[in-house]
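Undergrad: Have a peek at work_29.txt (compact mmCIF, C-alpha atoms).
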# COMPACT_ATOMS: atom_id res chain seq x y z
CA MET A 1 148.22 -200.47 -324.34
CA THR A 2 144.70 -201.88 -324.57
CA PRO A 3 142.28 -199.41 -322.97
CA ARG A 4 139.53 -202.03 -322.78
CA ASN A 5 141.64 -203.96 -320.26
CA PHE A 6 142.02 -200.89 -318.07
CA ARG A 7 138.34 -199.98 -318.36
CA GLU A 8 137.55 -203.10 -316.38
CA ASP A 9 139.39 -201.56 -313.41
CA PHE A 10 136.94 -198.63 -313.19
CA PRO A 11 133.54 -199.64 -311.79
CA ILE A 12 131.75 -196.44 -312.81
CA LEU A 13 132.45 -197.06 -316.50
CA LYS A 14 130.07 -200.02 -316.38
CA ARG A 15 127.03 -197.94 -315.50
CA GLU A 16 124.26 -196.55 -317.67
CA VAL A 17 123.47 -192.86 -317.26
CA HIS A 18 120.08 -193.00 -318.98
CA PRO A 19 117.93 -196.08 -319.58
CA SER A 20 119.98 -198.38 -321.81
CA VAL A 21 122.56 -195.63 -322.50
CA PRO A 22 126.11 -196.57 -321.48
CA LEU A 23 128.37 -193.89 -320.05
CA VAL A 24 130.99 -192.40 -322.39
CA TYR A 25 133.19 -190.39 -320.04
CA LEU A 26 135.14 -187.64 -321.82
CA ASP A 27 135.63 -185.23 -318.92
CA SER A 28 138.83 -186.38 -317.23
CA ALA A 29 140.37 -182.90 -317.34
CA ALA A 30 137.70 -181.96 -314.77
CA THR A 31 138.14 -185.11 -312.69
CA SER A 32 139.25 -188.64 -313.45
CA GLN A 33 137.47 -191.84 -312.56
CA LYS A 34 138.86 -194.11 -309.84
CA PRO A 35 140.09 -197.68 -310.21
CA GLU A 36 138.99 -200.43 -307.86
CA THR A 37 142.39 -200.51 -306.16
CA VAL A 38 142.04 -196.89 -305.02
CA LEU A 39 138.53 -197.47 -303.70
CA ALA A 40 139.72 -200.60 -301.90
CA ALA A 41 142.67 -198.82 -300.28
CA MET A 42 140.43 -196.14 -298.81
CA ASP A 43 137.85 -198.70 -297.71
CA GLU A 44 140.58 -200.75 -296.03
CA TYR A 45 141.69 -197.70 -294.03
CA TYR A 46 138.19 -196.96 -292.79
CA ARG A 47 137.40 -200.60 -292.04
CA ARG A 48 140.68 -201.65 -290.39
CA ASN A 49 143.02 -198.75 -289.62
CA ASN A 50 140.82 -195.72 -288.95
CA ALA A 51 142.67 -193.52 -286.44
CA ASN A 52 144.30 -190.12 -286.28
CA ILE A 53 147.95 -189.97 -287.21
CA HIS A 54 151.32 -189.03 -285.69
CA ARG A 55 150.27 -188.64 -282.08
CA GLY A 56 148.78 -191.99 -281.11
CA VAL A 57 150.86 -194.94 -279.87
CA HIS A 58 148.20 -197.60 -280.27
CA VAL A 59 148.17 -200.08 -283.14
CA LEU A 60 145.56 -198.34 -285.29
CA ALA A 61 147.32 -194.96 -285.03
CA GLU A 62 150.65 -196.50 -285.95
CA GLU A 63 149.14 -198.32 -288.93
CA ALA A 64 147.36 -195.19 -290.16
CA THR A 65 150.48 -193.07 -289.75
CA ARG A 66 152.59 -195.60 -291.65
CA ALA A 67 150.11 -195.76 -294.55
CA TYR A 68 149.85 -191.96 -294.68
CA GLU A 69 153.61 -191.44 -294.73
CA ASP A 70 154.17 -194.34 -297.13
CA ALA A 71 151.93 -192.51 -299.57
CA ARG A 72 154.10 -189.41 -299.26
CA GLU A 73 157.18 -191.49 -300.12
CA LYS A 74 155.41 -192.94 -303.17
CA ILE A 75 154.42 -189.49 -304.39
CA ALA A 76 157.96 -188.19 -303.95
CA ARG A 77 159.31 -191.05 -306.07
CA PHE A 78 156.56 -190.58 -308.64
CA ILE A 79 157.67 -187.02 -309.47
CA ASN A 80 161.33 -187.62 -308.51
CA ALA A 81 161.47 -185.18 -305.62
CA GLU A 82 164.83 -185.38 -303.91
CA LYS A 83 163.29 -185.79 -300.44
CA SER A 84 159.86 -186.81 -299.20
CA ARG A 85 159.76 -183.77 -296.89
CA GLU A 86 159.55 -181.64 -300.03
CA ILE A 87 156.05 -183.10 -300.55
CA ILE A 88 153.36 -181.07 -298.79
CA TYR A 89 149.82 -182.43 -298.59
CA THR A 90 147.15 -179.86 -299.51
CA ARG A 91 143.48 -180.15 -300.45
CA ASN A 92 144.09 -179.57 -304.17
CA THR A 93 146.18 -177.65 -306.70
CA THR A 94 144.36 -174.45 -305.83
CA GLU A 95 145.34 -174.63 -302.18
CA ALA A 96 148.92 -175.50 -303.09
CA ILE A 97 149.24 -172.38 -305.27
CA ASN A 98 147.57 -170.25 -302.60
CA LEU A 99 150.05 -171.61 -300.06
CA VAL A 100 152.97 -170.32 -302.13
CA ALA A 101 151.36 -166.95 -302.86
CA TYR A 102 150.35 -166.46 -299.23
CA SER A 103 153.42 -167.79 -297.45
CA TRP A 104 156.36 -167.22 -299.81
CA GLY A 105 154.76 -164.19 -301.45
CA ARG A 106 153.99 -162.29 -298.27
CA ALA A 107 157.39 -163.09 -296.81
CA PHE A 108 159.58 -162.27 -299.80
CA LEU A 109 157.69 -159.94 -302.16
CA LYS A 110 157.34 -156.20 -301.68
CA LYS A 111 155.64 -153.32 -303.44
CA GLY A 112 156.86 -152.96 -307.02
CA ASP A 113 158.16 -156.54 -307.36
CA LEU A 114 157.04 -158.25 -310.56
CA VAL A 115 155.21 -161.58 -310.84
CA VAL A 116 154.90 -163.01 -314.36
CA LEU A 117 151.85 -165.13 -315.23
CA THR A 118 150.38 -166.15 -318.60
CA GLU A 119 147.13 -165.60 -320.45
CA MET A 120 146.37 -169.33 -320.47
CA GLU A 121 146.27 -169.82 -316.70
CA HIS A 122 143.47 -171.43 -314.74
CA HIS A 123 141.90 -168.98 -312.31
CA SER A 124 143.72 -170.82 -309.52
CA ASN A 125 147.03 -169.50 -310.83
CA LEU A 126 145.69 -165.99 -311.35
CA VAL A 127 143.43 -164.99 -308.47
CA PRO A 128 145.88 -165.73 -305.59
CA TRP A 129 148.38 -163.38 -307.23
CA TYR A 130 145.69 -160.76 -307.86
CA ILE A 131 144.79 -160.88 -304.15
CA LEU A 132 148.46 -160.52 -303.25
CA ALA A 133 148.81 -157.56 -305.62
CA GLU A 134 145.85 -155.80 -304.01
CA GLN A 135 147.32 -156.30 -300.55
CA THR A 136 151.02 -155.65 -301.17
CA GLY A 137 151.33 -153.56 -304.33
CA ILE A 138 153.29 -156.10 -306.35
CA GLU A 139 153.06 -155.78 -310.13
CA LEU A 140 151.73 -158.41 -312.50
CA ALA A 141 152.43 -159.17 -316.16
CA HIS A 142 150.94 -161.81 -318.42
CA VAL A 143 152.77 -163.65 -321.21
CA ALA A 144 150.70 -163.53 -324.39
CA VAL A 145 149.16 -166.56 -326.05
CA THR A 146 149.52 -166.73 -329.83
CA GLY A 147 146.66 -167.42 -332.20
CA ASP A 148 147.65 -171.06 -332.44
CA GLY A 149 147.54 -171.53 -328.68
CA LEU A 150 151.21 -171.34 -327.73
CA LEU A 151 152.99 -169.00 -325.35
CA ASP A 152 154.75 -166.22 -327.25
CA PRO A 153 158.50 -166.84 -326.62
CA ASP A 154 159.48 -163.27 -327.52
CA ASP A 155 156.92 -161.87 -325.11
CA TYR A 156 158.18 -164.23 -322.40
CA ALA A 157 161.73 -163.02 -322.99
CA SER A 158 160.59 -159.40 -322.75
CA LYS A 159 158.87 -160.11 -319.42
CA LEU A 160 162.01 -161.79 -318.06
CA ALA A 161 164.04 -158.75 -319.12
CA ARG A 162 162.14 -156.88 -316.38
CA PHE A 163 163.72 -159.23 -313.79
CA PRO A 164 160.62 -160.66 -312.10
CA LYS A 165 160.72 -162.30 -308.69
CA VAL A 166 158.25 -165.07 -309.58
CA VAL A 167 157.19 -166.78 -312.79
CA ALA A 168 154.04 -168.90 -312.42
CA PHE A 169 152.63 -170.87 -315.33
CA THR A 170 150.80 -174.04 -316.27
CA HIS A 171 152.55 -177.17 -317.48
CA MET A 172 149.55 -178.02 -319.67
CA SER A 173 146.56 -175.81 -320.46
CA ASN A 174 143.22 -177.23 -319.33
CA VAL A 175 141.55 -175.53 -322.33
CA LEU A 176 144.01 -175.57 -325.19
CA GLY A 177 145.86 -178.73 -324.18
CA THR A 178 149.13 -176.87 -324.86
CA ILE A 179 152.14 -178.54 -323.25
CA ASN A 180 154.55 -175.78 -322.31
CA PRO A 181 158.35 -176.22 -322.40
CA VAL A 182 158.72 -176.17 -318.62
CA ALA A 183 162.43 -176.98 -318.37
CA GLU A 184 163.40 -174.25 -320.83
CA MET A 185 161.07 -171.70 -319.23
CA ALA A 186 162.30 -172.53 -315.73
CA ALA A 187 165.95 -172.24 -316.77
CA ALA A 188 165.32 -168.85 -318.35
CA ALA A 189 163.42 -167.66 -315.28
CA ARG A 190 166.25 -168.79 -312.99
CA LYS A 191 168.77 -166.91 -315.13
CA ALA A 192 166.62 -163.80 -314.70
CA GLY A 193 166.62 -164.27 -310.93
CA ALA A 194 163.05 -165.54 -310.55
CA ILE A 195 161.63 -168.56 -308.77
CA THR A 196 159.14 -170.71 -310.65
CA LEU A 197 155.78 -172.16 -309.68
CA VAL A 198 154.20 -174.63 -312.09
CA ASP A 199 150.55 -175.67 -312.13
CA GLY A 200 150.84 -179.37 -312.95
CA ALA A 201 147.21 -180.36 -312.44
CA GLN A 202 146.79 -181.38 -316.09
CA ALA A 203 150.30 -182.78 -316.56
CA VAL A 204 151.08 -185.16 -313.70
CA PRO A 205 148.12 -187.47 -314.50
CA HIS A 206 149.05 -187.78 -318.16
CA MET A 207 152.81 -187.77 -318.69
CA PRO A 208 156.08 -188.46 -316.86
CA VAL A 209 157.03 -185.55 -314.59
CA ASP A 210 160.48 -185.22 -313.03
CA VAL A 211 160.64 -182.07 -310.92
CA GLN A 212 164.42 -182.23 -310.58
CA ALA A 213 164.96 -182.56 -314.32
CA LEU A 214 162.48 -179.74 -314.96
CA GLY A 215 164.40 -177.52 -312.55
CA VAL A 216 161.29 -175.94 -310.99
CA ASP A 217 161.06 -174.44 -307.52
CA PHE A 218 157.41 -175.24 -306.79
CA TYR A 219 155.09 -177.70 -308.53
CA ALA A 220 151.40 -178.21 -307.67
CA PHE A 221 148.91 -180.93 -308.63
CA SER A 222 145.70 -182.67 -307.53
CA GLY A 223 144.89 -186.26 -306.65
CA HIS A 224 141.43 -186.40 -308.19
CA LYS A 225 142.70 -185.82 -311.73
CA MET A 226 145.12 -188.77 -311.53
CA CYS A 227 142.81 -191.64 -310.52
CA GLY A 228 142.93 -190.58 -306.86
CA PRO A 229 140.24 -189.15 -304.57
CA THR A 230 139.07 -185.59 -304.21
CA GLY A 231 140.21 -183.49 -301.26
CA ILE A 232 143.92 -184.22 -301.60
CA GLY A 233 146.58 -182.31 -303.51
CA ILE A 234 150.33 -181.87 -303.50
CA LEU A 235 152.74 -178.99 -303.33
CA TYR A 236 156.30 -179.91 -304.18
CA GLY A 237 158.79 -177.29 -303.09
CA ARG A 238 162.55 -177.19 -302.91
CA GLU A 239 163.56 -177.76 -299.30
CA GLU A 240 165.57 -174.55 -299.11
CA LEU A 241 162.53 -172.47 -300.04
CA LEU A 242 160.07 -174.36 -297.84
CA LYS A 243 162.33 -173.97 -294.81
CA ALA A 244 162.46 -170.21 -295.29
CA MET A 245 158.68 -169.83 -295.58
CA PRO A 246 156.41 -169.10 -292.61
CA PRO A 247 153.52 -171.49 -291.86
CA PHE A 248 150.38 -171.17 -293.98
CA LEU A 249 147.86 -172.26 -291.34
CA GLY A 250 148.10 -172.50 -287.57
CA GLY A 251 146.91 -175.32 -285.32
CA GLY A 252 147.66 -178.90 -284.45
CA ASP A 253 150.54 -180.86 -285.95
CA MET A 254 152.23 -177.81 -287.52
CA ILE A 255 153.86 -176.91 -284.21
CA LYS A 256 156.87 -178.18 -282.35
CA ARG A 257 156.16 -176.19 -279.20
CA VAL A 258 153.49 -173.78 -277.98
CA GLU A 259 153.69 -171.43 -275.01
CA LEU A 260 151.37 -168.64 -274.00
CA GLY A 261 152.09 -165.91 -276.50
CA ARG A 262 154.48 -167.78 -278.80
CA PHE A 263 155.03 -170.95 -280.80
CA VAL A 264 157.80 -172.79 -282.63
CA ALA A 265 156.85 -174.29 -285.99
CA ASN A 266 157.32 -177.97 -286.73
CA GLU A 267 159.82 -179.41 -289.20
CA LEU A 268 159.04 -180.04 -292.86
CA PRO A 269 156.66 -181.15 -294.17
CA TYR A 270 154.42 -180.83 -291.11
CA LYS A 271 154.98 -177.08 -290.81
CA PHE A 272 152.42 -176.66 -293.59
CA GLU A 273 149.97 -179.40 -292.57
CA ALA A 274 147.85 -177.99 -289.74
CA GLY A 275 145.06 -180.04 -288.21
CA THR A 276 143.79 -183.52 -288.92
CA PRO A 277 144.62 -184.15 -292.58
CA ALA A 278 142.79 -186.04 -295.31
CA ILE A 279 144.21 -189.40 -294.19
CA ALA A 280 142.07 -191.73 -296.28
CA GLU A 281 142.50 -189.47 -299.29
CA ALA A 282 146.30 -189.46 -298.96
CA ILE A 283 146.25 -193.26 -298.76
CA GLY A 284 143.99 -193.32 -301.82
CA LEU A 285 146.40 -191.07 -303.71
CA GLY A 286 149.23 -193.41 -302.79
CA ALA A 287 147.21 -196.28 -304.27
CA ALA A 288 146.58 -194.21 -307.42
CA VAL A 289 150.32 -193.61 -307.78
CA ASP A 290 150.88 -197.36 -307.48
CA TYR A 291 148.26 -198.00 -310.17
CA LEU A 292 149.69 -195.46 -312.62
CA SER A 293 153.27 -196.57 -311.93
CA VAL A 294 152.49 -200.19 -312.81
CA ILE A 295 151.06 -199.09 -316.16
CA GLY A 296 153.83 -196.55 -316.78
CA MET A 297 153.34 -192.85 -317.39
CA ASP A 298 155.17 -193.05 -320.70
CA VAL A 299 152.67 -195.70 -321.84
CA ILE A 300 149.72 -193.55 -320.76
CA HIS A 301 151.18 -190.52 -322.52
CA GLU A 302 151.66 -192.40 -325.79
CA HIS A 303 148.10 -193.75 -325.61
CA GLU A 304 146.69 -190.26 -325.11
CA LYS A 305 148.79 -188.86 -327.95
CA ALA A 306 147.19 -191.42 -330.25
CA LEU A 307 143.74 -190.47 -328.96
CA ILE A 308 144.19 -186.72 -329.38
CA HIS A 309 145.55 -187.11 -332.92
CA TYR A 310 142.53 -189.21 -333.81
CA ALA A 311 140.12 -186.86 -332.04
CA ILE A 312 141.42 -183.74 -333.79
CA ASP A 313 141.21 -185.45 -337.18
CA ARG A 314 137.63 -186.55 -336.53
CA LEU A 315 136.50 -183.22 -335.07
CA GLU A 316 137.81 -181.36 -338.11
CA GLU A 317 135.53 -183.51 -340.27
CA VAL A 318 132.40 -181.98 -338.69
CA PRO A 319 131.19 -178.83 -340.48
CA GLY A 320 130.96 -175.88 -338.11
CA VAL A 321 133.30 -177.25 -335.47
CA LYS A 322 136.37 -175.19 -334.57
CA VAL A 323 139.04 -176.72 -332.31
CA PHE A 324 141.20 -174.39 -330.22
CA GLY A 325 144.85 -174.87 -329.37
CA PRO A 326 147.96 -176.04 -331.15
CA SER A 327 148.37 -179.05 -333.41
CA ALA A 328 147.95 -182.46 -331.84
CA ASP A 329 151.69 -183.07 -331.54
CA LYS A 330 152.01 -180.05 -329.20
CA LYS A 331 149.12 -180.78 -326.88
CA GLY A 332 147.80 -183.32 -324.40
CA GLY A 333 144.49 -185.15 -324.44
CA VAL A 334 142.23 -182.08 -324.41
CA ALA A 335 140.06 -180.85 -327.29
CA ALA A 336 138.11 -177.64 -326.63
CA PHE A 337 135.87 -176.56 -329.47
CA THR A 338 132.97 -174.40 -330.57
CA PHE A 339 130.11 -175.24 -332.94
CA ASP A 340 128.88 -172.46 -335.24
CA GLY A 341 125.50 -171.18 -334.12
CA VAL A 342 125.22 -173.52 -331.11
CA HIS A 343 126.04 -172.63 -327.52
CA PRO A 344 128.47 -175.09 -325.90
CA HIS A 345 125.94 -175.84 -323.16
CA ASP A 346 123.45 -176.98 -325.82
CA VAL A 347 126.17 -179.14 -327.38
CA ALA A 348 126.87 -180.75 -324.02
CA GLU A 349 123.19 -181.33 -323.30
CA ILE A 350 122.55 -183.12 -326.57
CA LEU A 351 125.69 -185.23 -326.10
CA ASP A 352 124.56 -186.10 -322.58
CA ARG A 353 121.35 -187.60 -323.97
CA ARG A 354 123.59 -190.10 -325.72
CA GLY A 355 125.53 -190.78 -322.51
CA ILE A 356 128.53 -188.69 -323.58
CA ALA A 357 129.97 -186.58 -320.76
CA VAL A 358 131.88 -183.48 -321.87
CA ARG A 359 132.48 -180.14 -320.21
CA ALA A 360 130.93 -176.85 -321.35
CA GLY A 361 131.79 -173.36 -320.12
CA HIS A 362 134.90 -171.26 -319.59
CA HIS A 363 136.70 -174.04 -317.65
CA CYS A 364 137.92 -171.58 -315.00
CA ALA A 365 139.90 -169.75 -317.68
CA MET A 366 137.81 -166.70 -318.49
CA PRO A 367 140.73 -164.48 -319.61
CA LEU A 368 141.79 -167.11 -322.14
CA HIS A 369 138.29 -167.27 -323.61
CA GLN A 370 138.20 -163.48 -323.73
CA LYS A 371 141.50 -163.63 -325.61
CA PHE A 372 139.81 -165.68 -328.34
CA ASP A 373 136.62 -163.56 -328.14
CA ILE A 374 134.37 -166.46 -327.19
CA PRO A 375 132.17 -166.87 -324.09
CA ALA A 376 132.66 -170.60 -323.71
CA THR A 377 133.79 -173.85 -325.32
CA ALA A 378 132.80 -177.48 -325.18
CA ARG A 379 135.66 -179.70 -324.08
CA ALA A 380 136.31 -183.39 -324.57
CA SER A 381 139.22 -184.74 -322.55
CA PHE A 382 140.75 -188.19 -322.54
CA TYR A 383 142.54 -190.57 -320.21
CA LEU A 384 144.00 -194.05 -320.07
CA TYR A 385 140.55 -195.71 -320.02
CA ASN A 386 139.28 -194.04 -323.20
CA GLU A 387 139.35 -195.58 -326.66
CA LYS A 388 138.90 -194.46 -330.24
CA ALA A 389 135.42 -195.97 -330.44
CA GLU A 390 134.28 -193.41 -327.86
CA ILE A 391 135.60 -190.60 -330.05
CA ASP A 392 133.52 -192.03 -332.89
CA LEU A 393 130.46 -191.83 -330.62
CA LEU A 394 131.35 -188.20 -329.85
CA ILE A 395 131.43 -187.41 -333.57
CA GLU A 396 128.07 -189.14 -334.11
CA GLY A 397 126.69 -186.98 -331.32
CA LEU A 398 128.02 -183.81 -332.93
CA TYR A 399 126.30 -184.72 -336.19
CA GLU A 400 123.10 -184.98 -334.16
CA VAL A 401 123.80 -181.48 -332.85
CA LYS A 402 124.21 -180.31 -336.44
CA LYS A 403 120.95 -181.99 -337.45
CA THR A 404 119.09 -180.45 -334.49
CA PHE A 405 120.25 -176.87 -334.99
CA HIS A 406 121.13 -176.67 -338.68
CA SER A 407 118.49 -178.81 -340.35
Can you dump the structure from the file as structure tokens?
TA:
Amino acid sequence: MTPRNFREDFPILKREVHPSVPLVYLDSAATSQKPETVLAAMDEYYRRNNANIHRGVHVLAEEATRAYEDAREKIARFINAEKSREIIYTRNTTEAINLVAYSWGRAFLKKGDLVVLTEMEHHSNLVPWYILAEQTGIELAHVAVTGDGLLDPDDYASKLARFPKVVAFTHMSNVLGTINPVAEMAAAARKAGAITLVDGAQAVPHMPVDVQALGVDFYAFSGHKMCGPTGIGILYGREELLKAMPPFLGGGDMIKRVELGRFVANELPYKFEAGTPAIAEAIGLGAAVDYLSVIGMDVIHEHEKALIHYAIDRLEEVPGVKVFGPSADKKGGVAAFTFDGVHPHDVAEILDRRGIAVRAGHHCAMPLHQKFDIPATARASFYLYNEKAEIDLLIEGLYEVKKTFHS
């Protein structure tokens, strides 16, 4: 894989962010950049096919509906869902997780039932369960993270011994980069009688994901992190579970019949898709899936493995830098780090002067930062369009940080 070839597909990577300072984009864990084909697909919809979907019988409505549903089929194939009706469009990963907590949780959990989470979760896979606990009296437990950034398997086993109803965990940590053993964890949860919900926001863009092989019950991810647009996300759910769940939102398109005082919900997947959806965004996500599929997710994953190995080696050369998470062979393309005596926001600001975009803060994972007794980290994250030369520029920037604060 030659990243320079793929860089040409992303118009934004050609820009300068300061006078004569080219952009070095190392923040794909927050959001990815978009290739020309995705932008063109959305532009084509607005220029030629713009209409509401499902209800119209005119040409534009039929074209828009076909493009919207074609995208659903592409997404189902991309993650190997058994049926396209197991693919629910949402706004993002956060909404997809909330849908499960609100709909499945309120229907099937009762006071005293246990939900198992982990200490490395994004707030989006914590707060919905906390809200549910406040309202229903369910109990929560968190699997511990070890000092080297892995989930503690003994602690996980002890939590499963309490026979939880739900186990919800991330496929890949957005801070540590840890890639969790999803198939093994899901199998153990199933044996304990629990359903599983996996936050795949950081996994689907970067590695092959097969929901049937993983054996998960629910799997959530976002379009904007995988070369697609913002405002569109996906909840995969096993058909049996989705059929048993009540609707999440009420309104147009999620109904089969409405009478005064009662309604009958629509079939899957429309039962969970109330109102006019993000049509252009769904079409854009379909185009992103096409783009990634042509390259090959295994190819992208191997490229990022090479980048993260190189990045960790280079970061460890810089005095004062501490990288969090497991060794490079157990993580994805995310390197969160601290710099002795320098706040991560100051690190990010100095890097930005050189055109280098990294993230600084708690990355919506405050409990994980509290676990390591740090307020924040700086985070460099990589994708298919990055190259080793950009990591070298990052290291040069960190030496400038060192010179500025430690001279």
Undergrad: Could you list as a PyMOL selection string every residue that has an atom within 10 Å of (143.6, -200.4, -313.3), using the file's coordinates and counting all atoms listed in the file?
TA: chain A and resi 3+5-10+34-38+227+288+290-292+294-295+384-385
Undergrad: Limited to C-alpha atoms, could you put the picked residues into a file as a PDB file, in the frame of the given file?
TA:
ATOM      1  CA  PRO A   3     142.280-199.410-322.970  1.00  0.00           C
ATOM      2  CA  ASN A   5     141.640-203.960-320.260  1.00  0.00           C
ATOM      3  CA  PHE A   6     142.020-200.890-318.070  1.00  0.00           C
ATOM      4  CA  ARG A   7     138.340-199.980-318.360  1.00  0.00           C
ATOM      5  CA  GLU A   8     137.550-203.100-316.380  1.00  0.00           C
ATOM      6  CA  ASP A   9     139.390-201.560-313.410  1.00  0.00           C
ATOM      7  CA  PHE A  10     136.940-198.630-313.190  1.00  0.00           C
ATOM      8  CA  LYS A  34     138.860-194.110-309.840  1.00  0.00           C
ATOM      9  CA  PRO A  35     140.090-197.680-310.210  1.00  0.00           C
ATOM     10  CA  GLU A  36     138.990-200.430-307.860  1.00  0.00           C
ATOM     11  CA  THR A  37     142.390-200.510-306.160  1.00  0.00           C
ATOM     12  CA  VAL A  38     142.040-196.890-305.020  1.00  0.00           C
ATOM     13  CA  CYS A 227     142.810-191.640-310.520  1.00  0.00           C
ATOM     14  CA  ALA A 288     146.580-194.210-307.420  1.00  0.00           C
ATOM     15  CA  ASP A 290     150.880-197.360-307.480  1.00  0.00           C
ATOM     16  CA  TYR A 291     148.260-198.000-310.170  1.00  0.00           C
ATOM     17  CA  LEU A 292     149.690-195.460-312.620  1.00  0.00           C
ATOM     18  CA  VAL A 294     152.490-200.190-312.810  1.00  0.00           C
ATOM     19  CA  ILE A 295     151.060-199.090-316.160  1.00  0.00           C
ATOM     20  CA  LEU A 384     144.000-194.050-320.070  1.00  0.00           C
ATOM     21  CA  TYR A 385     140.550-195.710-320.020  1.00  0.00           C
TER      22      TYR A 385
END
Undergrad: How many Å lie between atom CA of A:Asp43 and atom CA of A:Ile87, rounded to one decimal?
TA: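 So the two atoms, atom CA of A:Asp43 and atom CA of A:Ile87, lie 24.1 Å apart.
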Undergrad: With all atoms listed in the file as the atoms that count, which of A:Ser173, A:Ser103, A:Thr230, A:Asn125 lies nearest to A:Leu242?
TA: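 Closest candidate: A:Ser103.
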Undergrad: So that I can see what lies close to A:Glu95, please list as a ChimeraX atom specification the residues with an atom at most 12 Å from it, counting all atoms listed in the file and leaving out residues fewer than 6 positions away in the same chain.
TA: /A:88-89,101-103,124-125,127-128,199,201,220-222,231-235,248-249,272-273
Undergrad: As an exercise, work out the distance from atom CA of A:Pro247 to atom CA of A:Trp104 in Å and give it to one decimal place.
TA: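 Straight-line distance from atom CA of A:Pro247 to atom CA of A:Trp104 works out to 9.5 Å.
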Undergrad: Nearest to A:Asp27: which of A:Ala186, A:Ala61, A:Ser293, A:Val175 is it, counting only C-alpha atoms?
TA: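 Between A:Ala186, A:Ala61, A:Ser293, A:Val175, the residue approaching A:Asp27 most closely is A:Val175.
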Undergrad: So that I can check the surroundings of stretch 22-24 of chain A, please list as a ChimeraX atom specification every protein, DNA and RNA residue that reaches within 12 Å of it, counting only C-alpha atoms and ignoring chain neighbours fewer than 3 positions away.
TA: /A:7,10-19,27-28,33,351-358,380-383,385-394,397
Undergrad: Which residues, written as a ChimeraX atom specification, have at least one atom at most 10 Å from A:Ala133, with only C-alpha atoms counted and residues fewer than 2 positions away on the same chain left out?
TA: /A:105,109-115,127-131,135-140
Undergrad: Residues of the last selection are to be written out with C-alpha atoms, as a PDB file, keeping the file's coordinate frame.
TA:
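The result, written out as selection32.pdb:
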ATOM      1  CA  GLY A 105     154.760-164.190-301.450  1.00  0.00           C
ATOM      2  CA  LEU A 109     157.690-159.940-302.160  1.00  0.00           C
ATOM      3  CA  LYS A 110     157.340-156.200-301.680  1.00  0.00           C
ATOM      4  CA  LYS A 111     155.640-153.320-303.440  1.00  0.00           C
ATOM      5  CA  GLY A 112     156.860-152.960-307.020  1.00  0.00           C
ATOM      6  CA  ASP A 113     158.160-156.540-307.360  1.00  0.00           C
ATOM      7  CA  LEU A 114     157.040-158.250-310.560  1.00  0.00           C
ATOM      8  CA  VAL A 115     155.210-161.580-310.840  1.00  0.00           C
ATOM      9  CA  VAL A 127     143.430-164.990-308.470  1.00  0.00           C
ATOM     10  CA  PRO A 128     145.880-165.730-305.590  1.00  0.00           C
ATOM     11  CA  TRP A 129     148.380-163.380-307.230  1.00  0.00           C
ATOM     12  CA  TYR A 130     145.690-160.760-307.860  1.00  0.00           C
ATOM     13  CA  ILE A 131     144.790-160.880-304.150  1.00  0.00           C
ATOM     14  CA  GLN A 135     147.320-156.300-300.550  1.00  0.00           C
ATOM     15  CA  THR A 136     151.020-155.650-301.170  1.00  0.00           C
ATOM     16  CA  GLY A 137     151.330-153.560-304.330  1.00  0.00           C
ATOM     17  CA  ILE A 138     153.290-156.100-306.350  1.00  0.00           C
ATOM     18  CA  GLU A 139     153.060-155.780-310.130  1.00  0.00           C
ATOM     19  CA  LEU A 140     151.730-158.410-312.500  1.00  0.00           C
TER      20      LEU A 140
END
Undergrad: Would you list the contacts of A:Gly237 as a PDB file with C-alpha atoms, in the frame of the given file, taking every protein, DNA or RNA residue within 10 Å and counting only C-alpha atoms, but skipping same-chain residues closer than 2 positions in sequence?
TA:
ATOM      1  CA  ALA A  81     161.470-185.180-305.620  1.00  0.00           C
ATOM      2  CA  LYS A  83     163.290-185.790-300.440  1.00  0.00           C
ATOM      3  CA  ARG A  85     159.760-183.770-296.890  1.00  0.00           C
ATOM      4  CA  GLU A  86     159.550-181.640-300.030  1.00  0.00           C
ATOM      5  CA  ILE A  87     156.050-183.100-300.550  1.00  0.00           C
ATOM      6  CA  ILE A  88     153.360-181.070-298.790  1.00  0.00           C
ATOM      7  CA  VAL A 100     152.970-170.320-302.130  1.00  0.00           C
ATOM      8  CA  LEU A 197     155.780-172.160-309.680  1.00  0.00           C
ATOM      9  CA  VAL A 211     160.640-182.070-310.920  1.00  0.00           C
ATOM     10  CA  VAL A 216     161.290-175.940-310.990  1.00  0.00           C
ATOM     11  CA  ASP A 217     161.060-174.440-307.520  1.00  0.00           C
ATOM     12  CA  PHE A 218     157.410-175.240-306.790  1.00  0.00           C
ATOM     13  CA  TYR A 219     155.090-177.700-308.530  1.00  0.00           C
ATOM     14  CA  ALA A 220     151.400-178.210-307.670  1.00  0.00           C
ATOM     15  CA  ILE A 234     150.330-181.870-303.500  1.00  0.00           C
ATOM     16  CA  LEU A 235     152.740-178.990-303.330  1.00  0.00           C
ATOM     17  CA  GLU A 239     163.560-177.760-299.300  1.00  0.00           C
ATOM     18  CA  GLU A 240     165.570-174.550-299.110  1.00  0.00           C
ATOM     19  CA  LEU A 241     162.530-172.470-300.040  1.00  0.00           C
ATOM     20  CA  LEU A 242     160.070-174.360-297.840  1.00  0.00           C
ATOM     21  CA  LYS A 243     162.330-173.970-294.810  1.00  0.00           C
ATOM     22  CA  PRO A 269     156.660-181.150-294.170  1.00  0.00           C
TER      23      PRO A 269
END
Undergrad: Nearest residue to A:Asn98 out of A:Ala168, A:Ala41, A:Val145, A:Val321, using all atoms listed in the file?
TA: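 For A:Asn98, the nearest of the given residues is A:Ala168.
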